[in-house]
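Reproduced below: final.csv, with CSV, C-alpha atoms.
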```csv
chain,number,residue,atom,x,y,z
A,1,MET,CA,0.0,0.0,0.0
A,2,LYS,CA,1.3,3.4,-0.9
A,3,GLY,CA,1.5,6.3,1.5
A,4,MET,CA,-1.8,7.8,2.6
A,5,GLY,CA,-1.4,11.2,0.9
A,6,ARG,CA,-4.1,13.8,0.5
A,7,LYS,CA,-6.8,11.4,-0.6
A,8,GLY,CA,-6.2,9.2,2.4
A,9,SER,CA,-6.1,12.1,4.8
A,10,ARG,CA,-9.6,13.1,3.5
A,11,TRP,CA,-10.8,9.6,4.4
A,12,LEU,CA,-9.6,10.1,8.0
A,13,TRP,CA,-12.3,12.8,8.1
A,14,LEU,CA,-15.1,10.5,7.0
A,15,MET,CA,-13.9,7.6,9.1
A,16,GLY,CA,-13.9,9.9,12.1
A,17,ALA,CA,-17.4,11.1,11.2
A,18,VAL,CA,-18.7,7.6,11.5
A,19,LEU,CA,-16.6,6.0,14.1
A,20,ALA,CA,-15.9,8.8,16.7
A,21,ALA,CA,-19.1,10.1,18.3
A,22,VAL,CA,-17.3,12.7,20.3
A,23,GLY,CA,-15.4,13.8,17.2
A,24,ILE,CA,-18.6,14.3,15.3
A,25,GLY,CA,-20.0,16.5,17.9
A,26,GLN,CA,-16.9,18.6,18.6
A,27,ALA,CA,-15.1,18.9,15.3
A,28,LEU,CA,-16.4,17.2,12.2
A,29,TRP,CA,-20.1,18.2,12.2
A,30,PRO,CA,-22.0,21.2,13.5
A,31,LEU,CA,-22.9,21.0,17.2
A,32,GLU,CA,-26.5,21.7,16.4
A,33,ALA,CA,-26.7,18.4,14.5
A,34,ALA,CA,-26.2,16.3,17.6
A,35,PRO,CA,-29.9,15.8,18.3
A,36,VAL,CA,-30.3,14.0,15.0
A,37,PHE,CA,-28.6,10.9,16.4
A,38,ALA,CA,-31.1,10.7,19.2
A,39,ARG,CA,-33.9,10.8,16.6
A,40,GLN,CA,-32.3,8.3,14.3
A,41,THR,CA,-32.0,5.7,17.1
A,42,GLN,CA,-35.9,5.8,17.3
A,43,GLN,CA,-36.1,5.0,13.6
A,44,THR,CA,-35.2,1.9,11.6
A,45,LEU,CA,-32.7,1.7,8.8
A,46,ILE,CA,-33.7,-1.1,6.3
A,47,ILE,CA,-30.6,-2.4,4.6
A,48,ASP,CA,-31.4,-4.2,1.3
A,49,PRO,CA,-28.4,-6.0,-0.3
A,50,GLY,CA,-29.9,-6.6,-3.8
A,51,HIS,CA,-30.2,-10.1,-5.3
A,52,GLY,CA,-29.0,-13.3,-3.6
A,53,GLY,CA,-29.1,-17.0,-3.9
A,54,GLU,CA,-29.5,-18.2,-7.5
A,55,ASP,CA,-30.1,-14.6,-8.5
A,56,GLY,CA,-26.5,-13.3,-8.5
A,57,GLY,CA,-27.3,-10.1,-10.4
A,58,ALA,CA,-24.6,-8.6,-12.6
A,59,LEU,CA,-21.3,-10.3,-13.0
A,60,THR,CA,-17.7,-9.2,-13.3
A,61,ALA,CA,-15.6,-10.3,-16.3
A,62,ASP,CA,-14.2,-13.2,-14.2
A,63,GLY,CA,-17.6,-14.3,-12.8
A,64,GLY,CA,-17.8,-12.3,-9.5
A,65,LYS,CA,-21.4,-11.9,-8.4
A,66,GLU,CA,-23.1,-8.6,-7.7
A,67,SER,CA,-25.0,-10.2,-4.9
A,68,ASP,CA,-21.8,-10.9,-3.0
A,69,ILE,CA,-20.6,-7.3,-3.2
A,70,ASN,CA,-24.0,-6.0,-2.2
A,71,LEU,CA,-24.1,-8.2,0.9
A,72,ALA,CA,-20.5,-7.3,1.9
A,73,ILE,CA,-21.3,-3.6,1.8
A,74,GLY,CA,-24.7,-4.2,3.6
A,75,LEU,CA,-23.1,-6.1,6.4
A,76,GLN,CA,-20.5,-3.4,6.9
A,77,LEU,CA,-23.2,-0.8,7.0
A,78,ASP,CA,-25.2,-2.9,9.5
A,79,GLY,CA,-22.1,-3.1,11.8
A,80,LEU,CA,-21.6,0.6,11.7
A,81,MET,CA,-25.2,1.3,12.6
A,82,GLY,CA,-24.9,-1.1,15.5
A,83,PHE,CA,-22.0,1.1,16.8
A,84,TYR,CA,-24.5,3.9,17.1
A,85,GLY,CA,-27.4,1.9,18.5
A,86,VAL,CA,-29.4,2.5,15.4
A,87,ARG,CA,-32.2,-0.1,14.8
A,88,THR,CA,-31.6,-2.0,11.6
A,89,VAL,CA,-33.3,-4.7,9.5
A,90,LEU,CA,-31.5,-6.6,6.8
A,91,THR,CA,-33.6,-8.0,4.0
A,92,ARG,CA,-31.0,-10.8,3.8
A,93,ASP,CA,-27.8,-11.5,5.8
A,94,ALA,CA,-26.5,-14.4,3.7
A,95,ASP,CA,-26.3,-15.5,0.1
A,96,VAL,CA,-30.0,-16.4,-0.1
A,97,SER,CA,-33.2,-15.6,-2.0
A,98,ILE,CA,-36.2,-15.0,0.2
A,99,HIS,CA,-38.7,-16.5,-2.2
A,100,ASP,CA,-41.7,-18.8,-1.4
A,101,PRO,CA,-40.8,-22.6,-1.3
A,102,SER,CA,-43.4,-23.1,-4.0
A,103,ALA,CA,-41.4,-21.0,-6.5
A,104,ARG,CA,-39.7,-23.2,-9.0
A,105,THR,CA,-38.2,-21.3,-11.9
A,106,ILE,CA,-35.6,-18.5,-11.6
A,107,ARG,CA,-38.2,-16.0,-12.7
A,108,GLU,CA,-40.7,-17.2,-10.1
A,109,LYS,CA,-38.1,-17.0,-7.4
A,110,LYS,CA,-37.1,-13.5,-8.4
A,111,VAL,CA,-40.7,-12.3,-8.4
A,112,SER,CA,-41.5,-14.0,-5.1
A,113,ASP,CA,-38.3,-12.6,-3.5
A,114,LEU,CA,-39.2,-9.0,-4.5
A,115,HIS,CA,-42.7,-9.4,-3.1
A,116,HIS,CA,-41.3,-10.7,0.2
A,117,ARG,CA,-38.9,-7.8,0.4
A,118,VAL,CA,-41.7,-5.3,-0.2
A,119,ASP,CA,-43.9,-6.9,2.4
A,120,LEU,CA,-41.0,-6.8,4.9
A,121,ILE,CA,-40.3,-3.2,4.2
A,122,CYS,CA,-43.9,-2.0,4.3
A,123,GLY,CA,-44.4,-3.7,7.6
A,124,ILE,CA,-41.7,-1.6,9.3
A,125,GLU,CA,-42.9,1.7,10.9
A,126,ASP,CA,-40.8,4.8,10.5
A,127,GLY,CA,-38.2,3.1,8.2
A,128,THR,CA,-35.7,4.3,5.7
A,129,LEU,CA,-34.7,1.9,2.9
A,130,LEU,CA,-31.2,1.8,1.5
A,131,SER,CA,-31.1,-0.7,-1.3
A,132,ILE,CA,-27.5,-1.6,-2.4
A,133,HIS,CA,-26.8,-2.7,-6.0
A,134,GLN,CA,-24.1,-2.6,-8.6
A,135,ASN,CA,-24.4,-1.5,-12.2
A,136,SER,CA,-23.5,-3.0,-15.5
A,137,TYR,CA,-23.6,-1.8,-19.1
A,138,PRO,CA,-22.4,-3.3,-22.5
A,139,ASP,CA,-20.0,-0.4,-23.0
A,140,ALA,CA,-17.2,-1.0,-20.4
A,141,ARG,CA,-16.1,2.6,-20.3
A,142,TYR,CA,-18.9,3.7,-18.0
A,143,HIS,CA,-18.1,3.9,-14.3
A,144,GLY,CA,-19.2,5.7,-11.1
A,145,THR,CA,-21.8,5.6,-8.4
A,146,GLN,CA,-25.4,6.5,-9.3
A,147,VAL,CA,-28.0,7.2,-6.7
A,148,PHE,CA,-31.8,6.9,-7.2
A,149,TYR,CA,-34.6,7.9,-4.9
A,150,GLY,CA,-38.3,7.1,-4.5
A,151,ASP,CA,-40.8,9.7,-3.2
A,152,ALA,CA,-39.0,13.0,-4.0
A,153,GLN,CA,-40.1,14.9,-0.9
A,154,LEU,CA,-39.0,12.1,1.5
A,155,SER,CA,-36.1,10.7,-0.4
A,156,GLN,CA,-34.3,13.2,-2.6
A,157,PRO,CA,-32.4,15.0,0.2
A,158,LEU,CA,-30.8,11.8,1.4
A,159,ALA,CA,-30.1,10.7,-2.2
A,160,ARG,CA,-28.4,14.0,-2.9
A,161,ALA,CA,-26.3,13.8,0.2
A,162,ILE,CA,-25.0,10.3,-0.7
A,163,GLN,CA,-24.3,11.3,-4.3
A,164,ASP,CA,-22.5,14.5,-3.2
A,165,THR,CA,-20.5,12.8,-0.5
A,166,ILE,CA,-19.3,10.0,-2.8
A,167,ARG,CA,-18.2,12.6,-5.3
A,168,GLU,CA,-16.3,14.6,-2.6
A,169,LYS,CA,-14.7,11.7,-0.8
A,170,LEU,CA,-14.4,8.8,-3.3
A,171,ASP,CA,-14.8,9.9,-6.9
A,172,PRO,CA,-14.2,13.6,-7.7
A,173,GLU,CA,-14.7,13.0,-11.4
A,174,ASN,CA,-18.3,11.6,-10.9
A,175,THR,CA,-20.6,14.3,-12.3
A,176,ARG,CA,-23.8,12.2,-11.9
A,177,LYS,CA,-26.9,13.7,-10.3
A,178,PRO,CA,-29.4,11.7,-8.2
A,179,GLN,CA,-32.4,10.6,-10.2
A,180,HIS,CA,-35.9,9.5,-9.6
A,181,VAL,CA,-36.0,5.7,-9.8
A,182,PRO,CA,-37.4,4.3,-13.1
A,183,SER,CA,-40.9,2.8,-13.0
A,184,SER,CA,-39.4,-0.6,-13.9
A,185,VAL,CA,-37.7,-1.0,-10.5
A,186,TYR,CA,-40.4,-2.9,-8.7
A,187,LEU,CA,-39.1,-2.7,-5.1
A,188,MET,CA,-38.6,1.0,-5.0
A,189,ASN,CA,-42.0,1.7,-6.6
A,190,HIS,CA,-44.0,-0.4,-4.1
A,191,VAL,CA,-42.8,0.9,-0.8
A,192,GLY,CA,-44.1,4.1,0.9
A,193,CYS,CA,-41.1,4.9,3.2
A,194,ARG,CA,-38.1,7.1,2.4
A,195,ALA,CA,-36.2,5.0,-0.1
A,196,VAL,CA,-32.8,5.3,-1.8
A,197,LEU,CA,-31.2,2.9,-4.2
A,198,VAL,CA,-27.4,3.1,-4.6
A,199,GLU,CA,-25.8,1.6,-7.7
A,200,CYS,CA,-22.3,1.7,-6.2
A,201,GLY,CA,-20.4,1.2,-9.5
A,202,PHE,CA,-20.2,-0.6,-12.8
A,203,LEU,CA,-19.1,-4.3,-12.7
A,204,SER,CA,-18.7,-4.0,-16.5
A,205,ASN,CA,-15.8,-1.7,-16.0
A,206,GLU,CA,-12.8,-3.8,-15.1
A,207,LYS,CA,-11.0,-1.2,-13.0
A,208,GLU,CA,-14.1,-0.3,-11.0
A,209,ALA,CA,-15.1,-3.9,-10.6
A,210,ALA,CA,-11.8,-4.7,-9.0
A,211,LEU,CA,-12.2,-1.7,-6.7
A,212,LEU,CA,-15.7,-2.8,-5.7
A,213,ARG,CA,-14.4,-6.2,-4.6
A,214,GLU,CA,-11.8,-4.7,-2.3
A,215,LYS,CA,-12.8,-4.9,1.4
A,216,ALA,CA,-11.3,-1.5,2.1
A,217,TYR,CA,-13.4,0.2,-0.6
A,218,GLN,CA,-16.5,-1.6,0.5
A,219,GLN,CA,-15.9,-0.2,4.0
A,220,LYS,CA,-15.5,3.3,2.5
A,221,LEU,CA,-18.9,2.9,0.7
A,222,ALA,CA,-20.5,1.7,3.9
A,223,MET,CA,-19.1,4.6,5.9
A,224,THR,CA,-20.4,7.0,3.3
A,225,LEU,CA,-23.9,5.6,3.6
A,226,ALA,CA,-23.7,5.5,7.4
A,227,SER,CA,-22.6,9.1,7.8
A,228,CYS,CA,-25.2,10.4,5.3
A,229,TYR,CA,-28.0,8.5,7.1
A,230,LEU,CA,-26.9,9.6,10.5
A,231,LEU,CA,-27.3,13.2,9.5
A,232,SER,CA,-30.3,12.8,7.3
A,233,GLY,CA,-33.0,13.9,9.8
A,234,SER,CA,-36.5,12.6,10.1
A,235,ALA,CA,-37.7,9.8,7.9
A,236,GLN,CA,-41.2,11.3,8.0
A,237,GLU,CA,-40.2,14.8,7.0
A,238,GLY,CA,-37.3,13.9,4.7
A,239,GLU,CA,-35.3,16.8,5.9
A,240,SER,CA,-31.6,17.0,5.4
A,241,LEU,CA,-29.1,18.4,7.8
A,242,ILE,CA,-26.1,17.9,5.7
```
Now that the file is in, can you turn its structure into structure tokens?
Amino acid sequence: MKGMGRKGSRWLWLMGAVLAAVGIGQALWPLEAAPVFARQTQQTLIIDPGHGGEDGGALTADGGKESDINLAIGLQLDGLMGFYGVRTVLTRDADVSIHDPSARTIREKKVSDLHHRVDLICGIEDGTLLSIHQNSYPDARYHGTQVFYGDAQLSQPLARAIQDTIREKLDPENTRKPQHVPSSVYLMNHVGCRAVLVECGFLSNEKEAALLREKAYQQKLAMTLASCYLLSGSAQEGESLI
């Protein structure tokens, strides 16, 4: 590993923002933001690592599965939230699909899995959904995180915070803007809570795919999501304090 340098020193700031409660209050974030943490512990963060089981999602050039990367980031995020005492629910915590036993074909299992996830999410009061995915495209030149949001009033501020923080801390060349989720994304269009989907990067881009499989980079993505959520305000109001 090379010396930390300027980019690494910037990451000390974000790491401190997530891992040092006293540091957040005294140095890294405005003091008036402190009450947000008390509110967040009364809410539930729903962490949704996309795909799972036979549905591996997108693949890297050498066969690495999107579902594995999604789960690794989701588990990292869950651990960070536990540090702050934030209530969390994982839609899955292993390489599984949560479909009905009666589902036989891959399509039936995918549909059943999505329906179960929607039922789970809709049954949680005062929740915020963070759905974690990876992108892919036939043209391998494309790269960079893209954030999508559900209901604009509830979800856009958090989506914007995540997109901006990733650009500032991880990928300065990323000029993407958060977008309203397409109607084709079943999960995001069938939940009523604050909901953000994060396409962390493109597995079709060899360089970015290698980065996304690194544990250290997965930790950085999880810390970004954690810090943005902790300062995102009320799930009902959708306010942003970042």
Selected residue of minimal separation from Ala195 in chain A among A:Val111, A:Leu59, A:Ile132, A:Ala94, counting all atoms listed in the file: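 Using all atoms listed in the file, the shortest distance to Ala195 in chain A belongs to A:Ile132.
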Counting all atoms listed in the file, which of A:His143, A:Arg87, A:His99, A:His133 gets nearest to Phe202 in chain A?
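Nearest to Phe202 in chain A: A:His143.
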Selection near Ile98 in chain A, 8 Å with only C-alpha atoms, sequence-local residues under 2 positions removed, as a list of chain:residue names
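In the requested form, the answer reads A:Arg92, A:Val96, A:Asp100, A:Ser112, A:Asp113, A:His116, A:Arg117.
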Query - Computed interatomic separation between CA of Leu90 in chain A and CA of Asn70 in chain A (Å) - result: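 We find that CA of Leu90 in chain A and CA of Asn70 in chain A lie 11.7 Å from each other.
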Minimum-distance residue to Val118 in chain A, chosen among A:Cys200, A:Met223, A:Cys228, A:Val185 (using all atoms listed in the file):
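Using all atoms listed in the file, the shortest distance to Val118 in chain A belongs to A:Val185.
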**Asked** So what do you get for CA of Leu211 in chain A versus CA of Asp93 in chain A, distance-wise?
**Response**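 We find that CA of Leu211 in chain A and CA of Asp93 in chain A lie 22.3 Å from each other.
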* To one decimal in Å, tell me the separation between CA of Pro172 in chain A and CA of Gly201 in chain A. =>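 It comes out at 14.0 Å.
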Name all residues at most 12 Å from Gly63 in chain A (count only C-alpha atoms; drop same-chain ones fewer than 6 positions away) and give them as a PyMOL selection string.
-> chain A and resi 56-57+203-204+206+209-210+213
Save the residues we just selected, C-alpha atoms, as a PDB file, in the coordinates of the input?
```pdb
ATOM      1  CA  GLY A  56     -26.500 -13.300  -8.500  1.00  0.00           C
ATOM      2  CA  GLY A  57     -27.300 -10.100 -10.400  1.00  0.00           C
ATOM      3  CA  LEU A 203     -19.100  -4.300 -12.700  1.00  0.00           C
ATOM      4  CA  SER A 204     -18.700  -4.000 -16.500  1.00  0.00           C
ATOM      5  CA  GLU A 206     -12.800  -3.800 -15.100  1.00  0.00           C
ATOM      6  CA  ALA A 209     -15.100  -3.900 -10.600  1.00  0.00           C
ATOM      7  CA  ALA A 210     -11.800  -4.700  -9.000  1.00  0.00           C
ATOM      8  CA  ARG A 213     -14.400  -6.200  -4.600  1.00  0.00           C
TER       9      ARG A 213
END
```
One residue among A:Glu214, A:Arg167, A:Arg194, A:Ser183 is nearest to Thr44 in chain A when using all atoms listed in the file, and that residue is A:Arg194
Just the residues within 12 Å of Leu130 in chain A, please, counting all atoms listed in the file, with nothing from its chain fewer than 2 positions along; format it as a PyMOL selection string.
chain A and resi 44-50+70+73-74+77-78+88-91+121+127-128+132-133+147-150+155+158-159+162+187-188+191+193-200+222+225-226+228-229
Problem - Counting only C-alpha atoms, the residue of A:Asn189, A:Ile166, A:Glu66, A:Leu221 that sits nearest Cys122 in chain A - result: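 Among the listed residues, A:Asn189 lies closest to Cys122 in chain A.
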My list of candidates is A:Asp55, A:Glu168, A:Asp95, A:Asp119. Which is closest to Ala72 in chain A when distances are computed with only C-alpha atoms?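 Closest candidate: A:Asp95.
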